[in-house]
file input_24.tsv (TSV, C-alpha atoms)
chain	number	residue	atom	x	y	z
W	279	MET	CA	-4.62	35.00	41.19
W	280	SER	CA	-2.37	33.59	38.47
W	281	GLU	CA	0.43	35.62	36.94
W	282	GLU	CA	-0.07	37.22	33.56
W	283	GLN	CA	1.54	35.18	30.80
W	284	TRP	CA	4.61	36.34	29.01
W	285	THR	CA	5.28	36.13	25.33
W	286	ILE	CA	8.79	34.89	24.66
W	287	LYS	CA	10.08	35.35	21.13
W	288	VAL	CA	12.40	32.48	20.16
W	289	ARG	CA	14.60	32.99	17.11
W	290	LEU	CA	15.67	29.73	15.45
W	291	GLU	CA	19.37	30.41	14.98
W	292	GLU	CA	20.08	26.73	14.33
W	293	LEU	CA	17.57	23.95	13.75
W	294	ASP	CA	19.08	20.58	12.86
W	295	ARG	CA	16.85	17.59	13.59
W	296	GLY	CA	19.38	15.09	12.27
W	297	GLU	CA	17.75	11.84	11.18
W	298	VAL	CA	14.32	12.92	12.41
W	299	HIS	CA	12.28	13.65	9.30
W	300	ILE	CA	8.89	15.16	10.01
W	301	LYS	CA	6.59	17.68	8.48
W	302	ASN	CA	7.16	20.92	10.39
W	303	ARG	CA	6.84	24.37	8.89
W	304	TRP	CA	9.41	26.06	11.11
W	305	LEU	CA	12.83	26.63	9.57
W	306	LYS	CA	16.18	28.07	10.61
W	307	GLY	CA	16.09	31.88	10.77
W	308	GLU	CA	12.41	32.15	11.69
W	309	THR	CA	11.00	33.37	14.99
W	310	ILE	CA	8.27	31.70	17.01
W	311	ALA	CA	6.23	33.12	19.88
W	312	VAL	CA	5.83	31.07	23.06
W	313	GLN	CA	3.16	31.88	25.63
W	314	ILE	CA	4.41	30.98	29.10
W	315	GLU	CA	4.16	32.08	32.73
W	316	PRO	CA	7.10	34.14	34.07
W	317	HIS	CA	7.51	31.72	37.00
W	318	ALA	CA	8.03	28.83	34.56
W	319	THR	CA	11.51	27.33	34.38
W	320	VAL	CA	14.01	27.16	31.51
W	321	SER	CA	13.18	23.45	31.23
W	322	MET	CA	9.49	24.25	30.77
W	323	LEU	CA	10.34	26.76	28.05
W	324	LYS	CA	12.43	24.14	26.28
W	325	GLN	CA	9.55	21.67	26.48
W	326	ARG	CA	7.15	24.12	24.84
W	327	VAL	CA	9.71	24.97	22.15
W	328	ALA	CA	10.19	21.24	21.52
W	329	LEU	CA	6.47	20.80	20.93
W	330	ILE	CA	6.42	23.62	18.39
W	331	VAL	CA	9.57	23.00	16.35
W	332	ALA	CA	10.02	19.23	16.95
W	333	ALA	CA	13.50	19.59	18.45
W	334	HIS	CA	14.01	17.59	21.65
W	335	GLU	CA	14.78	19.73	24.69
W	336	LYS	CA	18.06	17.84	25.20
W	337	TRP	CA	19.20	19.13	21.81
W	338	GLN	CA	18.49	22.76	22.74
W	339	ILE	CA	20.76	25.58	23.82
W	340	LEU	CA	18.91	28.77	24.71
W	341	LYS	CA	20.59	32.15	24.97
W	342	VAL	CA	19.54	35.63	26.05
W	343	GLY	CA	22.09	37.75	24.29
W	344	GLU	CA	25.38	36.04	25.17
W	345	LEU	CA	23.98	34.48	28.34
W	346	VAL	CA	23.54	30.71	28.03
W	347	LEU	CA	20.52	29.45	29.92
W	348	ASP	CA	22.20	26.31	31.26
W	349	ASP	CA	20.28	26.09	34.53
W	350	ASN	CA	17.08	24.26	33.60
W	351	SER	CA	15.56	24.91	37.02
W	352	GLN	CA	15.98	28.71	36.81
W	353	LYS	CA	12.75	30.67	36.58
W	354	LEU	CA	12.31	32.88	33.54
W	355	LYS	CA	11.48	35.95	35.63
W	356	ASP	CA	14.85	35.61	37.38
W	357	ILE	CA	16.91	35.64	34.18
W	358	GLU	CA	18.81	38.87	33.72
W	359	GLY	CA	17.84	40.64	30.51
W	360	LEU	CA	14.68	38.59	29.91
W	361	GLU	CA	11.22	40.10	30.21
W	362	ASN	CA	7.82	39.97	28.58
W	363	ASN	CA	8.18	40.10	24.75
W	364	GLY	CA	11.89	39.41	25.19
W	365	MET	CA	14.00	37.56	22.63
W	366	VAL	CA	15.67	34.19	23.16
W	367	SER	CA	18.00	32.54	20.65
W	368	LEU	CA	17.62	28.82	20.03
W	369	TYR	CA	20.45	26.57	18.87
W	370	ALA	CA	19.07	23.06	18.35
W	371	LYS	CA	21.20	20.29	16.92
W	372	ALA	CA	20.43	16.60	17.11
W	373	PRO	CA	23.36	14.42	18.19
W	374	PRO	CA	24.92	12.46	15.33
W	375	GLU	CA	23.33	9.08	14.86
W	376	VAL	CA	25.61	6.18	15.73
W	377	VAL	CA	25.67	4.00	12.63
W	378	GLU	CA	26.29	0.37	13.41
W	379	ASP	CA	29.09	-1.14	11.39
W	380	LEU	CA	27.43	-4.18	9.87
W	381	GLY	CA	30.49	-5.14	7.88
W	382	GLU	CA	30.38	-7.22	4.74
W	383	LEU	CA	28.51	-10.51	4.59
W	384	SER	CA	30.81	-13.30	3.51
W	385	GLU	CA	29.75	-15.71	0.82
W	386	ASP	CA	28.03	-18.84	2.03
W	387	PRO	CA	30.26	-21.76	1.01
W	388	ASP	CA	27.35	-24.20	1.22
W	389	ALA	CA	24.84	-22.18	-0.81
W	390	MET	CA	23.05	-24.08	-3.58
W	391	GLU	CA	21.24	-22.99	-6.70
W	392	GLU	CA	17.56	-23.88	-6.87
W	393	GLU	CA	17.38	-26.99	-9.03
W	394	THR	CA	15.53	-27.08	-12.33
W	395	GLU	CA	14.69	-30.81	-12.32
W	396	GLU	CA	11.07	-31.85	-12.24
W	397	LEU	CA	9.78	-32.36	-8.72
W	398	PRO	CA	9.33	-35.97	-7.57
W	399	PRO	CA	5.66	-36.95	-7.70
W	400	LEU	CA	3.19	-36.75	-4.85
W	401	PRO	CA	-0.24	-38.42	-4.74
W	402	GLU	CA	-3.04	-36.07	-5.70
W	403	GLY	CA	-6.38	-35.48	-4.06
W	404	GLU	CA	-7.80	-38.31	-1.98
W	405	ALA	CA	-4.85	-40.57	-2.81
W	406	MET	CA	-2.73	-38.58	-0.38
W	407	ASP	CA	-4.83	-39.74	2.59
W	408	LYS	CA	-6.63	-42.86	1.39
W	409	GLU	CA	-6.62	-46.01	3.50
W	410	LEU	CA	-4.30	-48.56	1.92
W	411	THR	CA	-5.27	-52.15	1.32
W	412	GLU	CA	-3.00	-54.90	2.64
W	413	GLU	CA	-1.72	-55.43	-0.91
W	414	GLU	CA	-0.89	-51.72	-1.23
W	415	GLU	CA	0.84	-51.69	2.15
W	416	ASP	CA	2.96	-54.66	1.10
W	417	LYS	CA	3.84	-52.93	-2.15
W	418	GLN	CA	4.81	-49.73	-0.34
W	419	ASN	CA	6.91	-51.56	2.26
W	420	ALA	CA	8.65	-53.58	-0.45
W	421	ALA	CA	9.60	-50.41	-2.34
W	422	LYS	CA	10.93	-48.85	0.87
W	423	GLY	CA	12.99	-51.95	1.56
W	424	VAL	CA	14.56	-51.92	-1.89
W	425	ALA	CA	15.29	-48.18	-1.51
W	426	ALA	CA	17.16	-48.87	1.73
W	427	GLU	CA	19.29	-51.52	0.02
W	428	LEU	CA	20.05	-49.21	-2.88
W	429	LEU	CA	21.14	-46.49	-0.47
W	430	GLU	CA	23.49	-48.92	1.24
W	431	ASP	CA	25.02	-49.55	-2.20
W	432	GLY	CA	25.32	-45.79	-2.75
W	433	ASP	CA	22.85	-45.66	-5.65
W	434	LYS	CA	20.97	-42.51	-4.70
W	435	ALA	CA	19.16	-42.07	-8.03
W	436	ALA	CA	17.72	-45.60	-7.99
W	437	ALA	CA	16.83	-45.24	-4.30
W	438	LEU	CA	14.98	-42.03	-5.07
W	439	GLY	CA	13.01	-43.87	-7.75
W	440	LYS	CA	11.99	-46.57	-5.30
W	441	LEU	CA	11.04	-44.07	-2.59
W	442	SER	CA	8.89	-42.23	-5.14
W	443	GLU	CA	7.29	-45.54	-6.05
W	444	ALA	CA	6.46	-46.09	-2.39
W	445	VAL	CA	5.08	-42.56	-2.05
W	446	MET	CA	2.86	-42.97	-5.11
W	447	VAL	CA	1.21	-46.11	-3.72
W	448	GLY	CA	-0.73	-43.55	-1.71
W	449	ASN	CA	-1.12	-42.23	1.82
W	450	PRO	CA	2.60	-41.73	2.47
W	451	ASN	CA	3.26	-41.03	6.14
W	452	ALA	CA	5.46	-38.23	7.41
W	453	MET	CA	8.39	-40.57	7.96
W	454	LEU	CA	8.37	-41.76	4.33
W	455	LEU	CA	8.14	-38.20	3.02
W	456	CYS	CA	11.01	-37.18	5.29
W	457	ARG	CA	13.13	-40.08	4.02
W	458	ARG	CA	12.68	-38.93	0.46
W	459	GLY	CA	13.17	-35.28	1.43
W	460	GLU	CA	16.39	-36.12	3.24
W	461	LEU	CA	17.67	-38.01	0.20
W	462	LEU	CA	16.76	-35.11	-2.08
W	463	LEU	CA	18.76	-32.81	0.17
W	464	LYS	CA	21.78	-35.13	-0.11
W	465	MET	CA	21.34	-34.99	-3.89
W	466	LYS	CA	21.49	-31.17	-3.69
W	467	ARG	CA	17.85	-30.71	-4.58
W	468	PRO	CA	16.70	-28.33	-1.81
W	469	LYS	CA	13.60	-27.12	-3.66
W	470	ALA	CA	12.22	-30.65	-3.90
W	471	ALA	CA	13.24	-31.35	-0.28
W	472	ILE	CA	11.15	-28.38	0.85
W	473	VAL	CA	8.10	-29.76	-0.97
W	474	ASP	CA	8.43	-33.16	0.70
W	475	ALA	CA	9.11	-31.69	4.14
W	476	THR	CA	6.06	-29.44	3.82
W	477	ALA	CA	3.93	-32.42	2.80
W	478	ALA	CA	5.29	-34.33	5.81
W	479	LEU	CA	4.29	-31.48	8.13
W	480	LYS	CA	0.74	-31.66	6.80
W	481	LYS	CA	0.74	-35.28	7.86
W	482	ASN	CA	2.43	-34.61	11.19
W	483	PRO	CA	2.68	-30.95	12.29
W	484	ASP	CA	4.98	-32.00	15.15
W	485	SER	CA	7.61	-33.66	12.98
W	486	ALA	CA	10.93	-32.25	14.16
W	487	LYS	CA	12.67	-34.13	11.33
W	488	ALA	CA	10.51	-32.42	8.69
W	489	TYR	CA	11.29	-28.99	10.14
W	490	LYS	CA	14.98	-29.88	10.23
W	491	ILE	CA	15.00	-30.97	6.57
W	492	ARG	CA	13.07	-27.91	5.44
W	493	GLY	CA	15.25	-25.63	7.57
W	494	LYS	CA	18.41	-27.04	6.00
W	495	ALA	CA	16.93	-26.75	2.51
W	496	ASN	CA	15.96	-23.13	3.11
W	497	ARG	CA	19.43	-22.45	4.51
W	498	PHE	CA	21.06	-23.87	1.35
W	499	LEU	CA	18.82	-21.60	-0.74
W	500	SER	CA	19.81	-18.60	1.40
W	501	LYS	CA	16.23	-18.19	2.65
W	502	TRP	CA	17.37	-17.07	6.08
W	503	VAL	CA	14.04	-16.03	7.58
W	504	GLU	CA	12.38	-19.31	6.61
W	505	ALA	CA	15.38	-21.34	7.78
W	506	VAL	CA	15.43	-19.66	11.19
W	507	ASP	CA	11.69	-20.22	11.64
W	508	ASP	CA	11.99	-23.91	10.75
W	509	PHE	CA	15.00	-24.50	13.00
W	510	ALA	CA	13.24	-22.74	15.87
W	511	GLN	CA	10.25	-25.08	15.48
W	512	CYS	CA	12.52	-28.11	15.24
W	513	GLN	CA	14.49	-27.20	18.35
W	514	GLN	CA	11.32	-26.52	20.30
W	515	ILE	CA	9.94	-29.96	19.49
W	516	ASP	CA	13.16	-31.94	19.87
W	517	PHE	CA	16.40	-30.07	20.51
W	518	ASP	CA	19.28	-31.23	18.33
W	519	ASP	CA	22.84	-30.12	19.08
W	520	ALA	CA	23.79	-31.05	15.52
W	521	ILE	CA	21.88	-28.12	14.02
W	522	ALA	CA	22.43	-25.55	16.78
W	523	ASP	CA	25.40	-24.00	14.98
W	524	MET	CA	23.54	-23.85	11.67
W	525	HIS	CA	20.61	-22.22	13.46
W	526	LYS	CA	22.93	-19.53	14.87
W	527	TYR	CA	24.58	-19.04	11.48
W	528	CYS	CA	21.23	-18.48	9.78
W	529	THR	CA	20.05	-16.18	12.56
W	530	LYS	CA	23.10	-13.92	12.16
W	531	ARG	CA	22.52	-13.70	8.41
W	532	LYS	CA	18.80	-13.05	8.87
W	533	VAL	CA	19.55	-10.18	11.28
W	534	TRP	CA	22.17	-8.72	8.92
W	535	HIS	CA	19.75	-8.67	6.00
W	536	ILE	CA	16.96	-7.18	8.12
W	537	LYS	CA	19.25	-4.40	9.38
W	538	MET	CA	20.48	-3.65	5.86
W	539	ALA	CA	16.90	-3.53	4.57
W	540	ASN	CA	15.88	-1.19	7.41
W	541	ARG	CA	18.87	1.04	6.66
W	542	ALA	CA	17.95	1.21	2.97
W	543	GLN	CA	14.33	1.99	3.85
W	544	LYS	CA	15.43	4.73	6.24
W	545	GLN	CA	17.70	6.23	3.61
W	546	ALA	CA	14.88	6.19	1.06
W	547	LYS	CA	12.57	7.99	3.51
W	548	ALA	CA	15.26	10.59	4.22
W	549	GLU	CA	15.74	11.25	0.52
W	550	GLU	CA	11.98	11.53	0.05
W	551	ALA	CA	11.75	14.00	2.95
W	552	GLU	CA	14.54	16.10	1.42
W	553	LYS	CA	12.68	16.20	-1.89
W	554	GLU	CA	9.49	17.29	-0.12
W	555	ALA	CA	11.35	20.00	1.81
W	556	ALA	CA	12.89	21.32	-1.41
W	557	LYS	CA	9.50	21.82	-3.08

call {"tool": "encode", "arguments": {"input": "input_24.tsv", "output": "structure tokens"}}
result
Amino acid sequence: MSEEQWTIKVRLEELDRGEVHIKNRWLKGETIAVQIEPHATVSMLKQRVALIVAAHEKWQILKVGELVLDDNSQKLKDIEGLENNGMVSLYAKAPPEVVEDLGELSEDPDAMEEETEELPPLPEGEAMDKELTEEEEDKQNAAKGVAAELLEDGDKAAALGKLSEAVMVGNPNAMLLCRRGELLLKMKRPKAAIVDATAALKKNPDSAKAYKIRGKANRFLSKWVEAVDDFAQCQQIDFDDAIADMHKYCTKRKVWHIKMANRAQKQAKAEEAEKEAAK
């Protein structure tokens, strides 16, 4: 035959849940009633209290008068001064949250402003994938050849014009789009480089070069999440030591921004919870 349950009255002398913000009607100074068997342990009592007031048992100090119940394995019926309908004082305080020092994020010396120039043209509709005639192939190859010569002479603007001419012949392959995207990046036009790299990836989803160009362009525009994703794809397809450091740099900045955003969101929730509690 089971023992008759006891009713233990628990007065909430201190109830500090720290950063834990939940809806719970119990407040400091109130008294709750816990139904529990007299052969139950102090630990079991703490567990039931935790369920009621949302204060983890590790945060709890229970007292009977001045006696601290510090032996979690002790049975309630063996505690001097405690009996059915007896009073226990609860002191619950969450440990202080360790706030990570994220420091200040230094300025990126290589950051670029998004350019305002008109984007270089791309073929529209079927022209992007049409089959070229021999005459069109010759025209495209000739324009690419002239662009290469102009680049050797250091005339980037004229080379860009010739590469665009080659692209607009139609059906530009991923390599041609990457060549123009790479040149655009050298001309500090990251927005346009992203467009060409994205078009190249539609032609060849496994183009490590396109991911590399787009990753660099996103990095120069401080788009850390996008840059990290592109570099990860690039490195998976064809690992390149030359961008490993940039990949790490972008990853650190991505993590910093995510942590700062999470901290701001947490703070906003805490302030909202305080407003709700004050109503």

call {"tool": "residues_around", "arguments": {"input": "input_24.tsv", "residues": "Met390 of chain W", "least_positions_apart": "2", "cutoff": "10 Å", "atoms": "all atoms listed in the file", "output": "PyMOL selection string"}}
result
chain W and resi 386-388+392-393+466-469+495-500

call {"tool": "atom_distance", "arguments": {"input": "input_24.tsv", "atom1": "atom CA of Lys417 of chain W", "atom2": "atom CA of Glu443 of chain W"}}
result
9.0 Å

call {"tool": "closest_residue", "arguments": {"input": "input_24.tsv", "among": "W:Leu462, W:Met365, W:Leu354, W:Ala478", "to": "Met406 of chain W", "atoms": "all atoms listed in the file"}}
result
W:Ala478

call {"tool": "axis_aligned_box", "arguments": {"input": "input_24.tsv", "around": "segment 466-479 of chain W", "padding_each_side": "8 Å", "output": "lines of an AutoDock Vina configuration file"}}
result
center_x = 12.7
center_y = -30.7
center_z = 1.8
size_x = 33.6
size_y = 23.2
size_z = 28.7

call {"tool": "atom_distance", "arguments": {"input": "input_24.tsv", "atom1": "atom CA of Ile339 of chain W", "atom2": "atom CA of Ala548 of chain W"}}
result
25.3 Å

call {"tool": "closest_atom_pairs", "arguments": {"input": "input_24.tsv", "of": "segment 371-404 of chain W", "to": "segment 328-337 of chain W", "cutoff": "12 Å", "atoms": "all atoms listed in the file", "output": "CSV"}}
result
residue,atom,partner,partner_atom,distance
W:Lys371,CA,W:Trp337,CA,5.4
W:Ala372,CA,W:Trp337,CA,5.5
W:Pro373,CA,W:Trp337,CA,7.3
W:Pro374,CA,W:Trp337,CA,10.9

call {"tool": "closest_residue", "arguments": {"input": "input_24.tsv", "among": "W:Gly448, W:Met322, W:Lys487, W:Asp356", "to": "Glu409 of chain W", "atoms": "only C-alpha atoms"}}
result
W:Gly448

call {"tool": "closest_residue", "arguments": {"input": "input_24.tsv", "among": "W:Asn540, W:Asn350, W:Ser442, W:Ser384", "to": "Leu461 of chain W", "atoms": "all atoms listed in the file"}}
result
W:Ser442

call {"tool": "build_atoms", "arguments": {"input": "input_24.tsv", "residues": "segment 529-541 of chain W", "atoms": "N, CA and C atoms", "output": "CSV table (one decimal), in the coordinates of the input"}}
result
chain,number,residue,atom,x,y,z
W,529,THR,N,20.6,-17.3,11.8
W,529,THR,CA,20.0,-16.2,12.6
W,529,THR,C,20.9,-14.9,12.3
W,530,LYS,N,22.2,-15.1,12.4
W,530,LYS,CA,23.1,-13.9,12.2
W,530,LYS,C,22.9,-13.3,10.8
W,531,ARG,N,22.7,-14.2,9.8
W,531,ARG,CA,22.5,-13.7,8.4
W,531,ARG,C,21.1,-13.1,8.3
W,532,LYS,N,20.2,-13.6,8.9
W,532,LYS,CA,18.8,-13.0,8.9
W,532,LYS,C,18.8,-11.6,9.5
W,533,VAL,N,19.5,-11.5,10.6
W,533,VAL,CA,19.6,-10.2,11.3
W,533,VAL,C,20.3,-9.2,10.4
W,534,TRP,N,21.4,-9.6,9.8
W,534,TRP,CA,22.2,-8.7,8.9
W,534,TRP,C,21.3,-8.2,7.8
W,535,HIS,N,20.6,-9.1,7.1
W,535,HIS,CA,19.8,-8.7,6.0
W,535,HIS,C,18.6,-7.8,6.5
W,536,ILE,N,18.0,-8.0,7.6
W,536,ILE,CA,17.0,-7.2,8.1
W,536,ILE,C,17.5,-5.8,8.4
W,537,LYS,N,18.7,-5.7,9.1
W,537,LYS,CA,19.2,-4.4,9.4
W,537,LYS,C,19.6,-3.6,8.1
W,538,MET,N,20.1,-4.3,7.1
W,538,MET,CA,20.5,-3.6,5.9
W,538,MET,C,19.2,-3.1,5.2
W,539,ALA,N,18.2,-3.9,5.2
W,539,ALA,CA,16.9,-3.5,4.6
W,539,ALA,C,16.3,-2.3,5.3
W,540,ASN,N,16.4,-2.3,6.6
W,540,ASN,CA,15.9,-1.2,7.4
W,540,ASN,C,16.7,0.1,7.1
W,541,ARG,N,18.0,-0.1,7.0
W,541,ARG,CA,18.9,1.0,6.7
W,541,ARG,C,18.5,1.6,5.3
